[in-house]
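A.B. asks: entry.txt (compact mmCIF, C-alpha atoms and all ligand atoms) pasted underneath:
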```txt
# COMPACT_ATOMS: atom_id res chain seq x y z
CA MET A 894 0.00 0.00 0.00
CA GLY A 895 3.03 2.23 0.15
CA ILE A 896 2.85 2.73 3.93
CA ASP A 897 6.28 3.70 5.20
CA ARG A 898 7.70 1.42 7.91
CA SER A 899 8.28 4.40 10.20
CA GLU A 900 4.51 5.00 10.20
CA LEU A 901 3.43 1.48 11.12
CA ASP A 902 3.14 2.23 14.85
CA ALA A 903 0.97 5.28 14.17
CA PHE A 904 -1.25 3.22 11.83
CA ASN A 905 -1.47 0.51 14.47
CA GLN A 906 -2.52 2.99 17.18
CA HIS A 907 -5.17 4.63 15.00
CA TYR A 908 -6.55 1.25 13.91
CA ARG A 909 -6.85 0.31 17.58
CA ASP A 910 -8.98 3.42 18.11
CA PHE A 911 -10.95 2.87 14.91
CA VAL A 912 -12.05 -0.69 15.78
CA LEU A 913 -13.56 0.53 19.06
CA GLY A 914 -16.48 1.53 16.83
CA ALA A 915 -17.44 -2.15 16.77
CA PHE A 916 -18.92 -1.71 20.28
CA PRO A 917 -22.62 -1.01 19.92
CA VAL A 918 -22.58 2.15 22.12
CA LYS A 919 -22.67 5.11 19.72
CA ILE A 920 -22.43 8.02 22.19
CA THR A 921 -19.88 10.69 21.27
CA VAL A 922 -18.44 11.49 24.72
CA PRO A 923 -14.92 12.95 24.29
CA TYR A 924 -12.36 10.14 24.59
CA GLY A 925 -15.17 7.53 24.76
CA PRO A 926 -14.93 4.48 22.43
CA TYR A 927 -17.09 5.92 19.65
CA TRP A 928 -15.33 9.30 19.75
CA ARG A 929 -11.94 7.56 19.55
CA SER A 930 -13.20 5.38 16.71
CA LEU A 931 -14.21 8.45 14.68
CA ARG A 932 -10.90 10.14 15.47
CA GLY A 933 -8.96 7.02 14.39
CA ARG A 934 -10.94 6.75 11.17
CA LYS A 935 -10.37 10.41 10.33
CA TRP A 936 -6.62 10.01 10.76
CA LEU A 937 -6.52 6.79 8.71
CA ASP A 938 -8.62 8.24 5.91
CA ALA A 939 -6.42 11.35 5.70
CA ARG A 940 -3.31 9.17 5.45
CA PHE A 941 -4.90 6.88 2.84
CA SER A 942 -5.88 9.95 0.86
CA GLN A 943 -2.23 11.14 0.90
CA LEU A 944 -1.01 7.68 -0.15
CA ILE A 945 -3.47 7.69 -3.06
CA ALA A 946 -2.33 11.14 -4.18
CA ALA A 947 1.34 10.06 -4.02
CA ALA A 948 0.64 6.82 -5.91
CA ARG A 949 -1.26 8.58 -8.73
CA GLY A 950 1.93 10.29 -9.82
CA ARG A 951 3.96 7.08 -10.05
CA SER A 952 4.02 4.57 -12.89
CA ASP A 953 6.49 2.14 -11.26
CA MET A 954 4.40 1.26 -8.21
CA GLN A 955 3.30 -2.29 -7.48
CA GLY A 956 1.05 -3.79 -4.81
CA THR A 957 -2.48 -3.36 -3.49
CA LEU A 958 -2.82 0.39 -3.99
CA ALA A 959 -1.44 0.27 -7.54
CA ALA A 960 -3.83 -2.60 -8.37
CA LEU A 961 -6.82 -0.70 -6.98
CA LEU A 962 -5.84 2.42 -8.93
CA ALA A 963 -5.58 0.40 -12.14
CA ALA A 964 -8.91 -1.42 -11.57
CA ARG A 965 -11.82 -0.65 -13.93
CA ASP A 966 -15.40 -1.88 -13.85
CA GLU A 967 -17.38 -3.28 -16.82
CA GLU A 968 -17.96 0.25 -18.13
CA GLY A 969 -14.29 1.20 -17.79
CA ARG A 970 -14.84 3.42 -14.75
CA GLU A 971 -12.16 3.67 -12.08
CA LEU A 972 -12.79 3.54 -8.33
CA THR A 973 -13.81 6.83 -6.73
CA GLU A 974 -11.60 8.37 -4.05
CA ALA A 975 -14.16 7.29 -1.40
CA ASP A 976 -14.17 3.69 -2.72
CA LEU A 977 -10.37 3.61 -2.74
CA ILE A 978 -10.18 4.83 0.84
CA GLN A 979 -12.82 2.38 2.07
CA ASN A 980 -11.13 -0.56 0.34
CA LEU A 981 -7.69 0.34 1.68
CA ARG A 982 -9.05 0.87 5.19
CA LEU A 983 -10.80 -2.52 5.12
CA VAL A 984 -8.03 -4.56 3.50
CA ALA A 985 -5.31 -3.25 5.82
CA LEU A 986 -7.43 -4.33 8.80
CA ALA A 987 -9.01 -7.52 7.42
CA GLY A 988 -5.75 -8.75 5.92
CA HIS A 989 -3.44 -8.06 8.81
CA GLU A 990 -5.08 -8.24 12.23
CA THR A 991 -6.75 -11.60 11.54
CA SER A 992 -3.72 -13.58 10.26
CA ALA A 993 -1.44 -11.92 12.83
CA SER A 994 -3.79 -13.04 15.61
CA VAL A 995 -3.80 -16.69 14.42
CA MET A 996 0.02 -16.67 14.15
CA ALA A 997 0.33 -15.27 17.67
CA TRP A 998 -2.04 -17.92 19.07
CA ALA A 999 -0.15 -20.65 17.20
CA GLY A 1000 3.10 -19.43 18.81
CA ILE A 1001 1.48 -19.66 22.25
CA VAL A 1002 0.08 -23.14 21.55
CA LEU A 1003 3.52 -24.36 20.41
CA ALA A 1004 5.11 -22.84 23.51
CA GLN A 1005 2.74 -24.90 25.67
CA ARG A 1006 2.83 -28.16 23.72
CA PRO A 1007 6.33 -29.59 23.08
CA ASP A 1008 4.71 -32.62 21.36
CA LEU A 1009 3.19 -30.36 18.68
CA TRP A 1010 6.43 -28.38 18.38
CA ARG A 1011 8.37 -31.61 17.67
CA GLN A 1012 5.88 -32.67 14.97
CA LEU A 1013 6.02 -29.26 13.31
CA LEU A 1014 9.80 -29.14 13.48
CA GLU A 1015 10.13 -32.57 11.90
CA GLU A 1016 7.77 -31.69 9.05
CA SER A 1017 9.33 -28.27 8.41
CA GLN A 1018 12.80 -29.74 7.97
CA ALA A 1019 11.85 -32.14 5.17
CA PRO A 1020 11.06 -29.78 2.21
CA SER A 1021 13.96 -27.70 0.94
CA ALA A 1022 12.08 -24.38 0.86
CA LEU A 1023 8.99 -22.73 2.31
CA PRO A 1024 5.74 -23.40 0.38
CA GLN A 1025 4.97 -20.86 -2.36
CA SER A 1026 2.09 -22.53 -4.21
CA PRO A 1027 -1.01 -24.61 -3.39
CA ASP A 1028 0.84 -27.73 -4.56
CA GLU A 1029 3.77 -27.07 -2.24
CA LEU A 1030 1.34 -26.52 0.65
CA LYS A 1031 0.49 -30.23 0.41
CA ARG A 1032 3.96 -31.01 1.79
CA HIS A 1033 2.97 -29.32 5.06
CA PRO A 1034 -0.12 -31.27 6.22
CA PHE A 1035 0.72 -30.89 9.91
CA ALA A 1036 1.27 -27.11 9.66
CA GLU A 1037 -2.05 -26.82 7.82
CA ALA A 1038 -3.81 -28.95 10.45
CA LEU A 1039 -2.32 -26.80 13.19
CA PHE A 1040 -3.49 -23.63 11.41
CA ARG A 1041 -7.07 -24.99 11.16
CA GLU A 1042 -7.11 -26.22 14.76
CA VAL A 1043 -5.74 -22.96 16.21
CA LEU A 1044 -8.27 -21.03 14.11
CA ARG A 1045 -11.09 -23.28 15.38
CA LEU A 1046 -10.27 -22.60 19.03
CA TYR A 1047 -9.08 -18.99 18.66
CA PRO A 1048 -11.04 -17.43 15.78
CA PRO A 1049 -10.06 -13.75 15.32
CA LEU A 1050 -13.67 -12.75 14.59
CA SER A 1051 -16.45 -14.02 16.83
CA ALA A 1052 -19.32 -12.94 14.60
CA THR A 1053 -20.45 -11.44 11.33
CA ALA A 1054 -23.77 -9.76 10.50
CA ARG A 1055 -26.37 -9.97 7.75
CA GLN A 1056 -29.55 -8.07 6.94
CA LEU A 1057 -32.43 -10.38 6.04
CA THR A 1058 -33.66 -9.93 2.47
CA GLU A 1059 -36.81 -11.99 3.15
CA ASP A 1060 -38.95 -13.07 6.11
CA VAL A 1061 -37.61 -16.22 7.80
CA THR A 1062 -38.50 -18.41 10.76
CA LEU A 1063 -35.60 -19.23 13.07
CA HIS A 1064 -36.26 -21.92 15.70
CA GLY A 1065 -40.00 -21.23 15.41
CA ILE A 1066 -39.59 -17.45 15.80
CA PRO A 1067 -40.65 -15.32 12.80
CA VAL A 1068 -37.98 -12.76 11.88
CA PRO A 1069 -39.05 -10.09 9.37
CA ARG A 1070 -37.19 -8.96 6.28
CA GLY A 1071 -34.80 -6.07 6.97
CA THR A 1072 -33.76 -7.34 10.43
CA MET A 1073 -30.02 -7.34 11.18
CA VAL A 1074 -28.96 -10.78 12.43
CA THR A 1075 -25.70 -11.81 14.03
CA VAL A 1076 -24.03 -15.02 12.87
CA PRO A 1077 -21.92 -16.33 15.78
CA LEU A 1078 -18.95 -17.63 13.76
CA GLY A 1079 -16.81 -18.23 16.81
CA THR A 1080 -19.16 -20.75 18.43
CA TYR A 1081 -19.30 -23.41 15.68
CA GLY A 1082 -15.77 -24.58 16.46
CA TYR A 1083 -16.91 -25.47 19.98
CA ASP A 1084 -19.92 -27.55 18.91
CA PRO A 1085 -19.37 -31.16 20.12
CA LYS A 1086 -21.56 -32.48 17.29
CA LEU A 1087 -19.10 -31.04 14.77
CA PHE A 1088 -15.90 -31.48 16.80
CA PRO A 1089 -15.98 -34.23 19.46
CA ASP A 1090 -14.33 -33.13 22.74
CA PRO A 1091 -14.15 -29.60 21.32
CA GLU A 1092 -11.99 -28.03 24.05
CA ARG A 1093 -9.13 -30.42 23.24
CA LEU A 1094 -6.57 -28.96 20.83
CA ASP A 1095 -5.85 -31.80 18.46
CA PRO A 1096 -4.52 -31.05 14.94
CA ALA A 1097 -4.98 -34.75 14.06
CA ARG A 1098 -8.71 -34.00 13.51
CA TRP A 1099 -7.77 -32.29 10.27
CA MET A 1100 -5.18 -34.80 9.00
CA GLY A 1101 -5.57 -37.56 6.43
CA ARG A 1102 -8.83 -36.17 5.04
CA ARG A 1103 -9.82 -36.59 1.42
CA GLN A 1104 -12.37 -33.81 1.11
CA GLN A 1105 -11.91 -30.06 1.51
CA PRO A 1106 -13.16 -28.56 4.80
CA SER A 1107 -16.95 -28.03 4.72
CA PRO A 1108 -18.55 -24.54 4.82
CA ILE A 1109 -19.29 -24.93 8.54
CA GLU A 1110 -15.65 -25.92 9.17
CA THR A 1111 -14.44 -22.78 7.42
CA ALA A 1112 -17.00 -20.61 9.27
CA PRO A 1113 -14.24 -18.54 10.98
CA PHE A 1114 -13.88 -17.02 7.50
CA GLY A 1115 -17.62 -16.32 7.17
CA GLY A 1116 -19.79 -17.76 4.42
CA GLY A 1117 -21.76 -17.13 1.25
CA PRO A 1118 -20.98 -14.37 -1.27
CA HIS A 1119 -19.09 -12.36 1.36
CA PHE A 1120 -16.89 -15.27 2.44
CA CYS A 1121 -13.42 -13.92 3.32
CA LEU A 1122 -11.63 -12.74 0.21
CA GLY A 1123 -8.27 -13.52 1.80
CA TYR A 1124 -8.92 -17.19 2.78
CA HIS A 1125 -6.30 -18.71 0.48
CA LEU A 1126 -3.79 -15.99 1.21
CA ALA A 1127 -4.26 -16.46 4.98
CA TRP A 1128 -3.90 -20.25 4.61
CA MET A 1129 -0.67 -19.78 2.64
CA GLU A 1130 0.87 -17.13 4.87
CA ILE A 1131 0.06 -18.90 8.14
CA VAL A 1132 1.47 -22.24 6.92
CA GLN A 1133 4.54 -20.38 5.63
CA PHE A 1134 4.90 -18.68 9.00
CA LEU A 1135 4.61 -21.96 10.94
CA ALA A 1136 7.08 -23.80 8.70
CA GLY A 1137 9.52 -20.85 8.70
CA PHE A 1138 9.25 -20.29 12.46
CA ALA A 1139 9.95 -23.98 13.22
CA ARG A 1140 12.87 -24.15 10.75
CA GLU A 1141 14.60 -21.01 11.95
CA VAL A 1142 14.10 -21.60 15.67
CA GLY A 1143 14.97 -25.31 15.31
CA ARG A 1144 18.12 -24.49 13.31
CA ARG A 1145 19.38 -22.47 16.27
CA GLY A 1146 18.76 -25.38 18.66
CA LEU A 1147 15.93 -23.48 20.40
CA ARG A 1148 12.25 -24.04 21.17
CA PRO A 1149 9.42 -21.73 22.30
CA ARG A 1150 8.22 -21.72 25.92
CA LEU A 1151 5.75 -19.58 27.88
CA VAL A 1152 7.55 -17.05 30.08
CA MET A 1153 7.08 -18.03 33.74
CA GLY A 1154 4.54 -15.76 35.42
CA SER A 1155 3.30 -14.19 32.17
CA ALA A 1156 -0.45 -13.68 31.74
CA PRO A 1157 -2.49 -16.86 31.04
CA PRO A 1158 -3.50 -17.02 27.38
CA LYS A 1159 -7.26 -16.48 27.62
CA LEU A 1160 -9.46 -15.78 24.60
CA ARG A 1161 -11.39 -12.50 24.85
CA TYR A 1162 -12.99 -10.35 22.19
CA LEU A 1163 -12.20 -6.65 22.52
CA PRO A 1164 -13.33 -6.64 19.71
CA PHE A 1165 -10.92 -9.13 18.06
CA GLY A 1166 -9.72 -12.41 19.51
CA GLN A 1167 -6.01 -11.56 19.81
CA PRO A 1168 -4.08 -13.14 22.70
CA PRO A 1169 -3.46 -10.88 25.73
CA LYS A 1170 -0.48 -8.57 25.14
CA LYS A 1171 1.00 -9.73 28.45
CA THR A 1172 1.18 -13.38 27.42
CA LEU A 1173 4.85 -13.75 26.50
CA ILE A 1174 6.86 -16.54 24.94
CA GLU A 1175 10.61 -16.98 25.01
CA LEU A 1176 13.01 -19.14 23.00
CA VAL A 1177 15.06 -21.51 25.15
CA PRO A 1178 17.58 -24.30 24.37
CA ALA A 1179 15.67 -27.31 23.00
C1 LIG B 1201 -6.99 -16.06 9.56
C2 LIG B 1201 -7.18 -15.03 8.76
C3 LIG B 1201 -8.53 -14.44 8.43
C4 LIG B 1201 -9.76 -14.64 9.02
C5 LIG B 1201 -10.11 -15.54 10.20
C6 LIG B 1201 -10.71 -13.82 8.29
C7 LIG B 1201 -12.07 -13.75 8.57
C8 LIG B 1201 -12.98 -13.02 7.85
C9 LIG B 1201 -14.41 -12.95 8.13
C10 LIG B 1201 -15.13 -13.66 9.26
C11 LIG B 1201 -14.97 -12.15 7.20
C12 LIG B 1201 -16.46 -11.80 7.08
C13 LIG B 1201 -17.09 -12.80 6.14
C14 LIG B 1201 -18.60 -12.81 6.14
O1 LIG B 1201 -19.24 -11.88 6.65
O2 LIG B 1201 -19.17 -13.82 5.64
C15 LIG B 1201 -13.91 -11.69 6.32
C16 LIG B 1201 -14.10 -10.86 5.23
C17 LIG B 1201 -13.07 -10.34 4.49
N1 LIG B 1201 -11.75 -10.65 4.58
FE1 LIG B 1201 -10.89 -11.97 5.85
N2 LIG B 1201 -10.05 -13.15 7.29
C18 LIG B 1201 -8.72 -13.49 7.34
C19 LIG B 1201 -7.71 -13.04 6.49
C20 LIG B 1201 -7.88 -12.16 5.47
C21 LIG B 1201 -6.82 -11.69 4.57
C22 LIG B 1201 -5.37 -12.17 4.64
C23 LIG B 1201 -7.38 -10.79 3.73
C24 LIG B 1201 -6.80 -9.98 2.60
C25 LIG B 1201 -5.54 -9.74 2.42
C26 LIG B 1201 -8.80 -10.69 4.07
C27 LIG B 1201 -9.70 -9.89 3.42
C28 LIG B 1201 -11.06 -9.90 3.64
C29 LIG B 1201 -12.01 -9.06 2.92
C30 LIG B 1201 -11.66 -8.06 1.83
C31 LIG B 1201 -13.28 -9.35 3.44
C32 LIG B 1201 -14.61 -8.76 3.00
C33 LIG B 1201 -15.27 -9.70 2.01
C34 LIG B 1201 -16.64 -9.21 1.56
O3 LIG B 1201 -17.33 -8.52 2.33
O4 LIG B 1201 -17.05 -9.57 0.45
N3 LIG B 1201 -9.05 -11.54 5.13
N4 LIG B 1201 -12.71 -12.25 6.73
```
Translate the structure described by the file into structure tokens.
C.D. replies:
Amino acid sequence: MGIDRSELDAFNQHYRDFVLGAFPVKITVPYGPYWRSLRGRKWLDARFSQLIAAARGRSDMQGTLAALLAARDEEGRELTEADLIQNLRLVALAGHETSASVMAWAGIVLAQRPDLWRQLLEESQAPSALPQSPDELKRHPFAEALFREVLRLYPPLSATARQLTEDVTLHGIPVPRGTMVTVPLGTYGYDPKLFPDPERLDPARWMGRRQQPSPIETAPFGGGPHFCLGYHLAWMEIVQFLAGFAREVGRRGLRPRLVMGSAPPKLRYLPFGQPPKKTLIELVPA
């Protein structure tokens, strides 16, 4: 997107403010969540607007912003400034916070489970390079299983929303067209009918399968026409991260461990399911 590294902290801080708008209390008290959300959004939009202006003058630019600037619809129209800003604001959040959260949880899980660490290490040492294509991903079945299992237990998003386009009856209760309904994505992974003994973290549930995961098994990515646009990218980058992390840490004769006395890793949504900032892992001799 052309964001300078030196600005990443400022972007991070303003995104943290912006996402406070997910809380349903829309009262604009100064420094309250909604006020901070609006302030964060204003800052982000001003920065995205500057990035767009800078990118317009460049012909050599590559990446998301350049692709959005070059995009045309069926009638050859380009995206408006408002569309560009909204897309950049969404993609930076949707594409980063979610995958980063799963990677952080996976690190914590590996720090607590030496058995899983050993399996990952063994698998990551076999192929000569990190996976770059869907075919190469097949050489990392354990890393993929770990990604799906960590996502099941620690989904970054607990819910998505839809507005009903027709009247429906849910569990005998009529719900009229136009109603906003919440789809509790985070709860399906804990359903014992879908995942026996759901609290147990067991990547083996996902191994040796012939068919692709079903729509309910990929529910942490939503469903239907608005199913996560970044599913395959997230799958690739998280498997790459797991394989790379195990290789590099293993090569140095180290392994991850939870720091004694650091905060217990408890899942909470404020509003995303990241691990607590005070849960720390360290790398110690294997
Ligand atoms: C583990 C990683 C990720 C998780 C758990 C996740 C989850 C989700 C969920 C739950 C939705 C809402 C879907 C719905 O309402 O049905 C969504 C939408 C979206 N995600 Fe992701 N996501 C992840 C990674 C990514 C990445 C890497 C990108 C892009 C680089 C991305 C881009 C998007 C976009 C653009 C949408 C909006 C799609 C639409 O409304 O049509 N996501 N994601």
A.B. asks: Please extract the residues at most 6 Å from ligand LIG 1201 (chain B), counting all atoms listed in the file, and provide them as number ranges by chain, using the chain letters and residue numbers of this document.
C.D. replies: A: 984, 987-988, 991-992, 995, 1048-1050, 1053, 1113-1116, 1119-1124, 1126-1127
A.B. asks: Distance CA of Ile945 (chain A)-CA of Met894 (chain A), one decimal place?
C.D. replies: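 Interatomic distance here is 9.0 Å.
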A.B. asks: Pull the closest atom pair for each residue of region 996-1033 of chain A that gets at most 10 Å from region 1151-1159 of chain A, along with the distance in Å to one decimal, counting all atoms listed in the file, ordering rows by chain and then ascending residue number, as a Markdown table.
C.D. replies:
```
| residue | atom | partner | partner_atom | distance |
| --- | --- | --- | --- | --- |
| A:Trp998 | CA | A:Pro1158 | CA | 8.5 |
| A:Gly1000 | CA | A:Leu1151 | CA | 9.5 |
| A:Ile1001 | CA | A:Leu1151 | CA | 7.1 |
| A:Val1002 | CA | A:Pro1158 | CA | 9.2 |
| A:Leu1003 | CA | A:Leu1151 | CA | 9.1 |
| A:Ala1004 | CA | A:Leu1151 | CA | 5.5 |
| A:Gln1005 | CA | A:Leu1151 | CA | 6.5 |
| A:Arg1006 | CA | A:Leu1151 | CA | 10.0 |
```
A.B. asks: Could you tell me how far CA of Gln1012 (chain A) sits from CA of Arg1140 (chain A), in Å to one decimal place?
C.D. replies: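 Computed distance, CA of Arg1140 (chain A) to CA of Gln1012 (chain A), equals 11.8 Å.
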A.B. asks: How big is the axis-aligned box around all listed atoms of region 952-961 of chain A once 4 Å goes on each side, and where's its centre, in Å to one decimal, as AutoDock Vina command-line options?
C.D. replies:
```
--center_x -0.2 --center_y 0.4 --center_z -8.2 --size_x 21.3 --size_y 16.4 --size_z 17.4
```
A.B. asks: Calculated over all atoms listed in the file, which of the candidates A:Ala1052, A:Arg1161, A:Ile1109, A:His907 has the smallest distance to Leu986 (chain A)?
C.D. replies: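 Of A:Ala1052, A:Arg1161, A:Ile1109, A:His907, the one nearest Leu986 (chain A), counting all atoms listed in the file, is A:His907.
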A.B. asks: Report, in Å with one decimal, the straight-line distance from CA of Asp1090 (chain A) to CA of Arg1103 (chain A).
C.D. replies: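 Distance between the two atoms: 22.1 Å.
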A.B. asks: From the list A:Ala1036, A:Leu1160, A:Met1100, A:Ala1019, which residue is nearest Thr1172 (chain A) when using only C-alpha atoms?
C.D. replies: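 Ranking A:Ala1036, A:Leu1160, A:Met1100, A:Ala1019 by distance to Thr1172 (chain A), first place goes to A:Leu1160.
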A.B. asks: Find the residue from A:Ala963, A:Pro1149, A:Pro1069, A:Pro1091 that sits nearest to Arg951 (chain A); use only C-alpha atoms when measuring.
C.D. replies: A:Ala963
A.B. asks: Just want the 12 Å neighbourhood of Val1061 (chain A), counted on all atoms listed in the file, with same-chain residues fewer than 4 positions away dropped. Output as a VMD selection string.
C.D. replies: chain A and resid 1056 to 1057 1065 to 1072 1074
A.B. asks: Which residue is closest to Glu974 (chain A)? Choose from A:Ala939, A:Val1132, A:Ala903, A:Ala993 and count only C-alpha atoms.
C.D. replies: A:Ala939
A.B. asks: Choose the residue, out of A:Pro1178, A:Ser1107, A:Ala1136, A:Ala985, that has the smallest atom-to-atom separation from Leu1030 (chain A); count only C-alpha atoms.
C.D. replies: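 Under the stated criterion, the closest residue is A:Ala1136.
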A.B. asks: Which residues are close to Arg1032 (chain A), i.e. within 9 Å by all atoms listed in the file, leaving aside same-chain residues fewer than 2 positions away? Reply as a list in words.
C.D. replies: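 The residues satisfying every condition are Glu1016, Ser1017, Ala1019, Pro1020, Pro1024, Asp1028, Glu1029, Leu1030, Pro1034 and Phe1035 of chain A.
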A.B. asks: Limited to C-alpha atoms, could you put the picked residues into a file as a compact mmCIF listing (two decimals), in the coordinates of the input?
C.D. replies:
```
# COMPACT_ATOMS: atom_id res chain seq x y z
CA GLU A 1016 7.77 -31.69 9.05
CA SER A 1017 9.33 -28.27 8.41
CA ALA A 1019 11.85 -32.14 5.17
CA PRO A 1020 11.06 -29.78 2.21
CA PRO A 1024 5.74 -23.40 0.38
CA ASP A 1028 0.84 -27.73 -4.56
CA GLU A 1029 3.77 -27.07 -2.24
CA LEU A 1030 1.34 -26.52 0.65
CA PRO A 1034 -0.12 -31.27 6.22
CA PHE A 1035 0.72 -30.89 9.91
```
A.B. asks: Pick the closest to Val1142 (chain A) from A:Leu1087, A:Leu1173, A:Val1076, A:Leu1014: which is it, counting only C-alpha atoms?
C.D. replies: A:Leu1014
